[in-house]
Structures are given as C-alpha cells and as structure tokens.
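Chemist: Data: data_12.csv, CSV, N, CA, C and O atoms.
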```csv
chain,number,residue,atom,x,y,z
A,148,MET,N,230.0,268.0,324.8
A,148,MET,CA,231.0,268.9,324.3
A,148,MET,C,231.5,268.4,323.0
A,148,MET,O,231.8,267.3,322.8
A,149,ARG,N,231.5,269.4,322.1
A,149,ARG,CA,232.1,269.1,320.7
A,149,ARG,C,233.5,269.7,320.6
A,149,ARG,O,233.8,270.6,321.3
A,150,ALA,N,234.2,269.2,319.7
A,150,ALA,CA,235.6,269.7,319.5
A,150,ALA,C,235.8,269.9,318.0
A,150,ALA,O,235.3,269.2,317.2
A,151,ARG,N,236.7,270.8,317.7
A,151,ARG,CA,237.2,271.0,316.4
A,151,ARG,C,238.7,270.8,316.4
A,151,ARG,O,239.4,271.4,317.2
A,152,ILE,N,239.2,269.8,315.7
A,152,ILE,CA,240.6,269.5,315.7
A,152,ILE,C,241.2,270.1,314.4
A,152,ILE,O,240.8,269.8,313.3
A,153,ILE,N,242.2,270.9,314.7
A,153,ILE,CA,243.0,271.6,313.6
A,153,ILE,C,244.4,271.0,313.6
A,153,ILE,O,245.1,271.1,314.6
A,154,ILE,N,244.7,270.4,312.5
A,154,ILE,CA,246.1,269.8,312.3
A,154,ILE,C,246.8,270.5,311.2
A,154,ILE,O,246.3,270.5,310.1
A,155,ASP,N,248.0,271.1,311.5
A,155,ASP,CA,248.8,271.7,310.5
A,155,ASP,C,249.6,270.5,309.8
A,155,ASP,O,250.6,270.1,310.3
A,156,ALA,N,249.0,270.0,308.7
A,156,ALA,CA,249.6,268.8,308.1
A,156,ALA,C,251.0,269.0,307.6
A,156,ALA,O,251.8,268.1,307.6
A,157,ASP,N,251.4,270.3,307.3
A,157,ASP,CA,252.8,270.5,306.8
A,157,ASP,C,253.8,270.5,307.9
A,157,ASP,O,255.0,270.3,307.6
A,158,ILE,N,253.4,270.6,309.2
A,158,ILE,CA,254.3,270.6,310.3
A,158,ILE,C,254.4,269.1,310.8
A,158,ILE,O,255.4,268.7,311.3
A,159,CYS,N,253.3,268.4,310.7
A,159,CYS,CA,253.2,267.0,311.3
A,159,CYS,C,254.3,266.1,310.6
A,159,CYS,O,254.4,266.1,309.4
A,160,LYS,N,255.0,265.3,311.5
A,160,LYS,CA,256.0,264.4,311.0
A,160,LYS,C,255.5,262.9,311.1
A,160,LYS,O,256.3,262.0,311.0
A,161,GLY,N,254.3,262.7,311.4
A,161,GLY,CA,253.7,261.4,311.5
A,161,GLY,C,254.3,260.5,312.6
A,161,GLY,O,254.4,259.3,312.4
A,162,CYS,N,254.6,261.1,313.7
A,162,CYS,CA,255.2,260.3,314.8
A,162,CYS,C,254.3,259.3,315.5
A,162,CYS,O,254.7,258.5,316.2
A,163,THR,N,253.0,259.5,315.4
A,163,THR,CA,251.9,258.7,315.9
A,163,THR,C,251.7,258.9,317.4
A,163,THR,O,250.9,258.2,318.0
A,164,LEU,N,252.4,259.9,318.1
A,164,LEU,CA,252.1,260.1,319.5
A,164,LEU,C,250.7,260.4,319.8
A,164,LEU,O,250.1,260.0,320.7
A,165,CYS,N,250.1,261.3,318.9
A,165,CYS,CA,248.7,261.6,319.1
A,165,CYS,C,247.8,260.4,318.9
A,165,CYS,O,246.8,260.3,319.7
A,166,VAL,N,248.1,259.6,318.0
A,166,VAL,CA,247.3,258.3,317.8
A,166,VAL,C,247.4,257.5,319.1
A,166,VAL,O,246.4,256.9,319.5
A,167,GLN,N,248.5,257.3,319.6
A,167,GLN,CA,248.7,256.5,320.8
A,167,GLN,C,248.0,257.0,322.1
A,167,GLN,O,247.5,256.2,322.9
A,168,VAL,N,247.9,258.3,322.2
A,168,VAL,CA,247.3,258.8,323.5
A,168,VAL,C,245.8,259.1,323.4
A,168,VAL,O,245.2,259.4,324.4
A,169,CYS,N,245.3,259.1,322.2
A,169,CYS,CA,243.8,259.4,322.1
A,169,CYS,C,243.0,258.4,322.8
A,169,CYS,O,242.9,257.2,322.4
A,170,PRO,N,242.2,258.8,323.8
A,170,PRO,CA,241.4,257.8,324.6
A,170,PRO,C,240.2,257.3,323.8
A,170,PRO,O,239.7,256.2,324.0
A,171,LYS,N,239.8,258.1,322.8
A,171,LYS,CA,238.6,257.6,321.9
A,171,LYS,C,239.1,257.0,320.6
A,171,LYS,O,238.3,256.6,319.8
A,172,GLN,N,240.4,257.0,320.4
A,172,GLN,CA,241.0,256.4,319.2
A,172,GLN,C,240.4,256.9,317.9
A,172,GLN,O,240.0,256.2,317.0
A,173,VAL,N,240.3,258.3,317.8
A,173,VAL,CA,239.8,258.9,316.6
A,173,VAL,C,240.9,259.6,315.8
A,173,VAL,O,240.7,260.3,314.8
A,174,MET,N,242.2,259.4,316.3
A,174,MET,CA,243.3,260.0,315.5
A,174,MET,C,244.0,258.8,314.8
A,174,MET,O,244.2,257.7,315.3
A,175,GLU,N,244.4,259.1,313.6
A,175,GLU,CA,245.2,258.2,312.8
A,175,GLU,C,246.0,258.9,311.7
A,175,GLU,O,245.8,260.1,311.5
A,176,LEU,N,246.9,258.3,311.1
A,176,LEU,CA,247.7,258.9,310.0
A,176,LEU,C,246.9,258.7,308.7
A,176,LEU,O,246.3,257.7,308.4
A,177,ASP,N,247.0,259.8,307.9
A,177,ASP,CA,246.3,259.8,306.6
A,177,ASP,C,247.2,259.2,305.6
A,177,ASP,O,248.1,259.8,305.1
A,178,LYS,N,247.0,257.9,305.4
A,178,LYS,CA,247.8,257.1,304.5
A,178,LYS,C,247.6,257.4,303.0
A,178,LYS,O,248.3,257.0,302.1
A,179,SER,N,246.6,258.3,302.7
A,179,SER,CA,246.2,258.6,301.3
A,179,SER,C,247.1,259.7,300.7
A,179,SER,O,247.1,259.9,299.5
A,180,LYS,N,247.8,260.4,301.5
A,180,LYS,CA,248.6,261.5,301.0
A,180,LYS,C,249.8,261.8,301.9
A,180,LYS,O,249.8,261.5,303.1
A,181,LEU,N,250.8,262.5,301.3
A,181,LEU,CA,252.0,262.9,302.0
A,181,LEU,C,252.0,264.4,302.1
A,181,LEU,O,251.5,265.1,301.3
A,182,ASN,N,252.5,264.9,303.2
A,182,ASN,CA,252.6,266.4,303.4
A,182,ASN,C,253.9,266.9,302.6
A,182,ASN,O,254.6,266.1,302.0
A,183,ALA,N,254.1,268.2,302.8
A,183,ALA,CA,255.2,268.8,302.0
A,183,ALA,C,256.6,268.2,302.4
A,183,ALA,O,257.5,268.3,301.6
A,184,ARG,N,256.7,267.7,303.6
A,184,ARG,CA,258.0,267.1,304.1
A,184,ARG,C,258.1,265.6,303.8
A,184,ARG,O,259.0,265.0,304.2
A,185,GLY,N,257.0,265.0,303.2
A,185,GLY,CA,257.1,263.6,302.8
A,185,GLY,C,256.5,262.7,303.9
A,185,GLY,O,256.8,261.5,303.8
A,186,TYR,N,255.8,263.2,304.8
A,186,TYR,CA,255.2,262.3,305.9
A,186,TYR,C,253.7,262.2,305.7
A,186,TYR,O,253.0,263.1,305.2
A,187,HIS,N,253.2,261.1,306.3
A,187,HIS,CA,251.7,260.9,306.4
A,187,HIS,C,251.3,261.7,307.6
A,187,HIS,O,251.7,261.4,308.7
A,188,ALA,N,250.5,262.7,307.5
A,188,ALA,CA,250.1,263.6,308.6
A,188,ALA,C,248.9,262.9,309.4
A,188,ALA,O,248.2,262.1,308.8
A,189,ALA,N,248.8,263.3,310.6
A,189,ALA,CA,247.7,262.9,311.4
A,189,ALA,C,246.4,263.5,311.0
A,189,ALA,O,246.3,264.6,310.5
A,190,VAL,N,245.3,262.8,311.2
A,190,VAL,CA,243.9,263.3,311.0
A,190,VAL,C,243.0,262.8,312.1
A,190,VAL,O,243.2,261.8,312.7
A,191,CYS,N,242.0,263.6,312.3
A,191,CYS,CA,240.9,263.1,313.2
A,191,CYS,C,239.8,262.5,312.4
A,191,CYS,O,239.3,263.1,311.5
A,192,THR,N,239.5,261.3,312.6
A,192,THR,CA,238.6,260.5,311.8
A,192,THR,C,237.2,260.7,312.2
A,192,THR,O,236.3,260.4,311.4
A,193,ASP,N,236.9,261.2,313.4
A,193,ASP,CA,235.5,261.4,313.9
A,193,ASP,C,235.5,262.5,315.0
A,193,ASP,O,235.5,262.2,316.1
A,194,GLU,N,235.3,263.7,314.5
A,194,GLU,CA,235.3,264.8,315.5
A,194,GLU,C,234.1,264.7,316.4
A,194,GLU,O,234.1,265.2,317.5
A,195,ALA,N,233.0,264.1,316.0
A,195,ALA,CA,231.8,263.9,316.8
A,195,ALA,C,232.1,263.0,318.0
A,195,ALA,O,231.5,263.2,319.1
A,196,ALA,N,233.0,262.1,317.9
A,196,ALA,CA,233.4,261.2,319.0
A,196,ALA,C,234.5,261.8,319.9
A,196,ALA,O,234.7,261.3,321.0
A,197,CYS,N,235.1,262.8,319.4
A,197,CYS,CA,236.2,263.5,320.2
A,197,CYS,C,235.6,264.1,321.4
A,197,CYS,O,234.6,264.8,321.4
A,198,ILE,N,236.3,263.9,322.6
A,198,ILE,CA,235.8,264.5,323.8
A,198,ILE,C,236.6,265.8,324.2
A,198,ILE,O,236.5,266.3,325.3
A,199,ALA,N,237.4,266.3,323.3
A,199,ALA,CA,238.2,267.6,323.5
A,199,ALA,C,239.1,267.5,324.7
A,199,ALA,O,239.3,268.5,325.4
A,200,CYS,N,239.7,266.4,325.0
A,200,CYS,CA,240.6,266.2,326.1
A,200,CYS,C,242.0,266.9,325.8
A,200,CYS,O,242.7,267.2,326.7
A,201,ALA,N,242.3,267.1,324.5
A,201,ALA,CA,243.5,267.8,324.0
A,201,ALA,C,244.8,267.0,324.3
A,201,ALA,O,245.9,267.6,324.3
A,202,MET,N,244.6,265.7,324.6
A,202,MET,CA,245.8,264.9,324.8
A,202,MET,C,246.7,264.9,323.6
A,202,MET,O,247.9,264.9,323.7
A,203,CYS,N,246.1,264.8,322.4
A,203,CYS,CA,246.8,264.8,321.2
A,203,CYS,C,247.7,266.1,321.0
A,203,CYS,O,248.8,266.0,320.7
A,204,ALA,N,247.1,267.2,321.3
A,204,ALA,CA,247.8,268.5,321.2
A,204,ALA,C,248.9,268.6,322.2
A,204,ALA,O,250.0,269.1,321.9
A,205,MET,N,248.7,268.1,323.4
A,205,MET,CA,249.7,268.1,324.5
A,205,MET,C,250.9,267.2,324.1
A,205,MET,O,252.1,267.5,324.4
A,206,MET,N,250.6,266.1,323.5
A,206,MET,CA,251.7,265.1,323.2
A,206,MET,C,252.5,265.5,321.9
A,206,MET,O,253.6,265.0,321.7
A,207,CYS,N,251.9,266.3,321.0
A,207,CYS,CA,252.5,266.6,319.8
A,207,CYS,C,253.8,267.4,320.0
A,207,CYS,O,253.8,268.5,320.5
A,208,PRO,N,255.0,266.8,319.6
A,208,PRO,CA,256.3,267.5,319.8
A,208,PRO,C,256.5,268.7,318.9
A,208,PRO,O,257.3,269.5,319.2
A,209,ASP,N,255.7,268.8,317.9
A,209,ASP,CA,255.8,269.9,316.9
A,209,ASP,C,254.7,271.0,317.0
A,209,ASP,O,254.6,271.9,316.2
A,210,SER,N,253.8,270.8,318.0
A,210,SER,CA,252.7,271.7,318.2
A,210,SER,C,251.9,271.9,316.9
A,210,SER,O,251.4,273.0,316.5
A,211,ALA,N,251.6,270.8,316.2
A,211,ALA,CA,250.9,270.8,314.9
A,211,ALA,C,249.4,270.6,315.1
A,211,ALA,O,248.6,270.7,314.2
A,212,ILE,N,249.0,270.4,316.4
A,212,ILE,CA,247.5,270.1,316.6
A,212,ILE,C,247.0,271.1,317.6
A,212,ILE,O,247.6,271.5,318.6
A,213,THR,N,245.8,271.7,317.2
A,213,THR,CA,245.1,272.6,318.0
A,213,THR,C,243.7,272.0,318.3
A,213,THR,O,243.0,271.6,317.3
A,214,VAL,N,243.2,272.0,319.5
A,214,VAL,CA,241.9,271.5,319.8
A,214,VAL,C,241.1,272.7,320.3
A,214,VAL,O,241.4,273.4,321.3
A,215,ILE,N,239.9,272.9,319.6
A,215,ILE,CA,239.0,274.0,320.0
A,215,ILE,C,237.8,273.4,320.5
A,215,ILE,O,237.1,272.7,319.8
A,216,LYS,N,237.5,273.7,321.8
A,216,LYS,CA,236.2,273.2,322.4
A,216,LYS,C,235.1,274.0,322.0
A,216,LYS,O,235.1,275.3,322.1
A,217,GLU,N,234.0,273.4,321.6
A,217,GLU,CA,232.8,274.1,321.1
A,217,GLU,C,231.6,273.6,322.0
A,217,GLU,O,231.5,272.4,322.3
A,218,GLU,N,230.8,274.5,322.3
A,218,GLU,CA,229.6,274.2,323.1
A,218,GLU,C,228.4,273.9,322.2
A,218,GLU,O,228.3,274.3,321.1
```
Would you put the structure from the file into structure tokens?

Modeler:
Amino acid sequence: MRARIIIDADICKGCTLCVQVCPKQVMELDKSKLNARGYHAAVCTDEAACIACAMCAMMCPDSAITVIKEE
C-alpha cells in the first residue's frame, strides 16, 4: 500500500507529535524553511516507506496532516 501525505505547512506549528508517533520514522521538521507563522513545518521524507497508518494525522492537534491511501 502506498500513501500520499498532505501537510498544510501554514497550519503546522512544528510540535513534533507526528514525528514522535511515526512507526517508520519518515516524518521530520523541515529545518530549511519557516511557514507563515514562523514555525518549521512537518514533512514526510519518504512516502514510499510510509505504511499509511495515519498515526501522524490522528496525533496532529491542528489537523494539518491528511493521509491518502493509494493502491
């Protein structure tokens, strides 16, 4: 199963909850840029390794992450 991870970078506040719960450790903060609110937003570093468990989306307090399962 493949997944597409959509992160609304302007909503993300860089809390790292998604990073902490990812079983495949493919989530991290993008240290190369800041969002509109001045935070480093989360990014998925390897969608091919993502298992589409959606733990990141469930843990996000701001609903900034959407996981779309693709066959």

Chemist: Here's a test: counting only C-alpha atoms, identify every protein, DNA and RNA residue with an atom at most 8 Å from (245.3, 262.7, 309.9) in the file's coordinate frame, and state them as a list of chain:residue names.

Modeler: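 I get A:Ile154, A:Ala156, A:Met174, A:Glu175, A:Leu176, A:Asp177, A:His187, A:Ala188, A:Ala189, A:Val190, A:Cys191, A:Thr192 for the residues within 8 Å of that point.
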
Chemist: Considering all atoms listed in the file, state which residue in the set A:Cys203, A:Leu164, A:Ile212, A:Ala196 is at the smallest distance from A:Met148.

Modeler: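 Closest to A:Met148 of all the choices is A:Ala196.
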
Chemist: So that I can see what lies close to A:Lys216, please list as a PyMOL selection string the residues with an atom at most 6 Å from it, counting all atoms listed in the file and leaving out residues fewer than 3 positions away in the same chain.

Modeler: chain A and resi 149-151

Chemist: Only N, CA, C and O atoms, please: the residues just picked out, written as a short mmCIF file (atom, residue, chain, number, x, y, z; two decimals), in the frame of the given file.

Modeler:
```
data_model
loop_
_atom_site.label_atom_id
_atom_site.label_comp_id
_atom_site.auth_asym_id
_atom_site.auth_seq_id
_atom_site.Cartn_x
_atom_site.Cartn_y
_atom_site.Cartn_z
N ARG A 149 231.50 269.40 322.10
CA ARG A 149 232.10 269.10 320.70
C ARG A 149 233.50 269.70 320.60
O ARG A 149 233.80 270.60 321.30
N ALA A 150 234.20 269.20 319.70
CA ALA A 150 235.60 269.70 319.50
C ALA A 150 235.80 269.90 318.00
O ALA A 150 235.30 269.20 317.20
N ARG A 151 236.70 270.80 317.70
CA ARG A 151 237.20 271.00 316.40
C ARG A 151 238.70 270.80 316.40
O ARG A 151 239.40 271.40 317.20
#
```

Chemist: Can you tell me, as a list in words, which residues in chain A count as strand (DSSP E) by DSSP?

Modeler: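 Put together, the selection reads Arg149, Ala150, Arg151, Ile152, Ile153, Ile154, Met174, Glu175, Leu176, Ala189, Val190, Cys191, Ile212, Thr213, Val214, Ile215, Lys216 and Glu217 of chain A.
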
Chemist: Choose the residue, out of A:Cys207, A:Ala195, A:Cys200, A:Asn182, that has the smallest atom-to-atom separation from A:Thr163; count only C-alpha atoms.

Modeler: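 Using only C-alpha atoms, A:Thr163 sits closest to A:Cys207.
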
Chemist: Quote the spacing between atom N of A:Cys159 and atom C of A:Glu218 in Å to one decimal place.

Modeler: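 Computed distance, atom N of A:Cys159 to atom C of A:Glu218, equals 28.0 Å.
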
Chemist: Atom N of A:Met202 and atom N of A:Gly185, how far apart in Å?

Modeler: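 Atom N of A:Gly185 sits 24.7 Å away from atom N of A:Met202.
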
Chemist: Which value, in Å to one decimal, gives the distance between atom O of A:Met206 and atom N of A:Cys165?

Modeler: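 Computing the Euclidean distance for atom O of A:Met206 and atom N of A:Cys165 yields 5.8 Å.
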
Chemist: Please, which residues of chain A, numbered as in this document, come out helix (DSSP H, G or I) from DSSP, as a PyMOL selection string?

Modeler: chain A and resi 164-168+202-206

Chemist: Restricted to N, CA, C and O atoms, what would the selected residues look like written as a short mmCIF file (atom, residue, chain, number, x, y, z; two decimals), keeping the file's coordinate frame?

Modeler:
```
data_model
loop_
_atom_site.label_atom_id
_atom_site.label_comp_id
_atom_site.auth_asym_id
_atom_site.auth_seq_id
_atom_site.Cartn_x
_atom_site.Cartn_y
_atom_site.Cartn_z
N LEU A 164 252.40 259.90 318.10
CA LEU A 164 252.10 260.10 319.50
C LEU A 164 250.70 260.40 319.80
O LEU A 164 250.10 260.00 320.70
N CYS A 165 250.10 261.30 318.90
CA CYS A 165 248.70 261.60 319.10
C CYS A 165 247.80 260.40 318.90
O CYS A 165 246.80 260.30 319.70
N VAL A 166 248.10 259.60 318.00
CA VAL A 166 247.30 258.30 317.80
C VAL A 166 247.40 257.50 319.10
O VAL A 166 246.40 256.90 319.50
N GLN A 167 248.50 257.30 319.60
CA GLN A 167 248.70 256.50 320.80
C GLN A 167 248.00 257.00 322.10
O GLN A 167 247.50 256.20 322.90
N VAL A 168 247.90 258.30 322.20
CA VAL A 168 247.30 258.80 323.50
C VAL A 168 245.80 259.10 323.40
O VAL A 168 245.20 259.40 324.40
N MET A 202 244.60 265.70 324.60
CA MET A 202 245.80 264.90 324.80
C MET A 202 246.70 264.90 323.60
O MET A 202 247.90 264.90 323.70
N CYS A 203 246.10 264.80 322.40
CA CYS A 203 246.80 264.80 321.20
C CYS A 203 247.70 266.10 321.00
O CYS A 203 248.80 266.00 320.70
N ALA A 204 247.10 267.20 321.30
CA ALA A 204 247.80 268.50 321.20
C ALA A 204 248.90 268.60 322.20
O ALA A 204 250.00 269.10 321.90
N MET A 205 248.70 268.10 323.40
CA MET A 205 249.70 268.10 324.50
C MET A 205 250.90 267.20 324.10
O MET A 205 252.10 267.50 324.40
N MET A 206 250.60 266.10 323.50
CA MET A 206 251.70 265.10 323.20
C MET A 206 252.50 265.50 321.90
O MET A 206 253.60 265.00 321.70
#
```

Chemist: If we count all atoms listed in the file and set the cut-off at 6 Å, which residues sit around A:Ile153, ignoring sequence neighbours fewer than 3 positions away in its own chain? Please answer as a count of residues only.

Modeler: 5
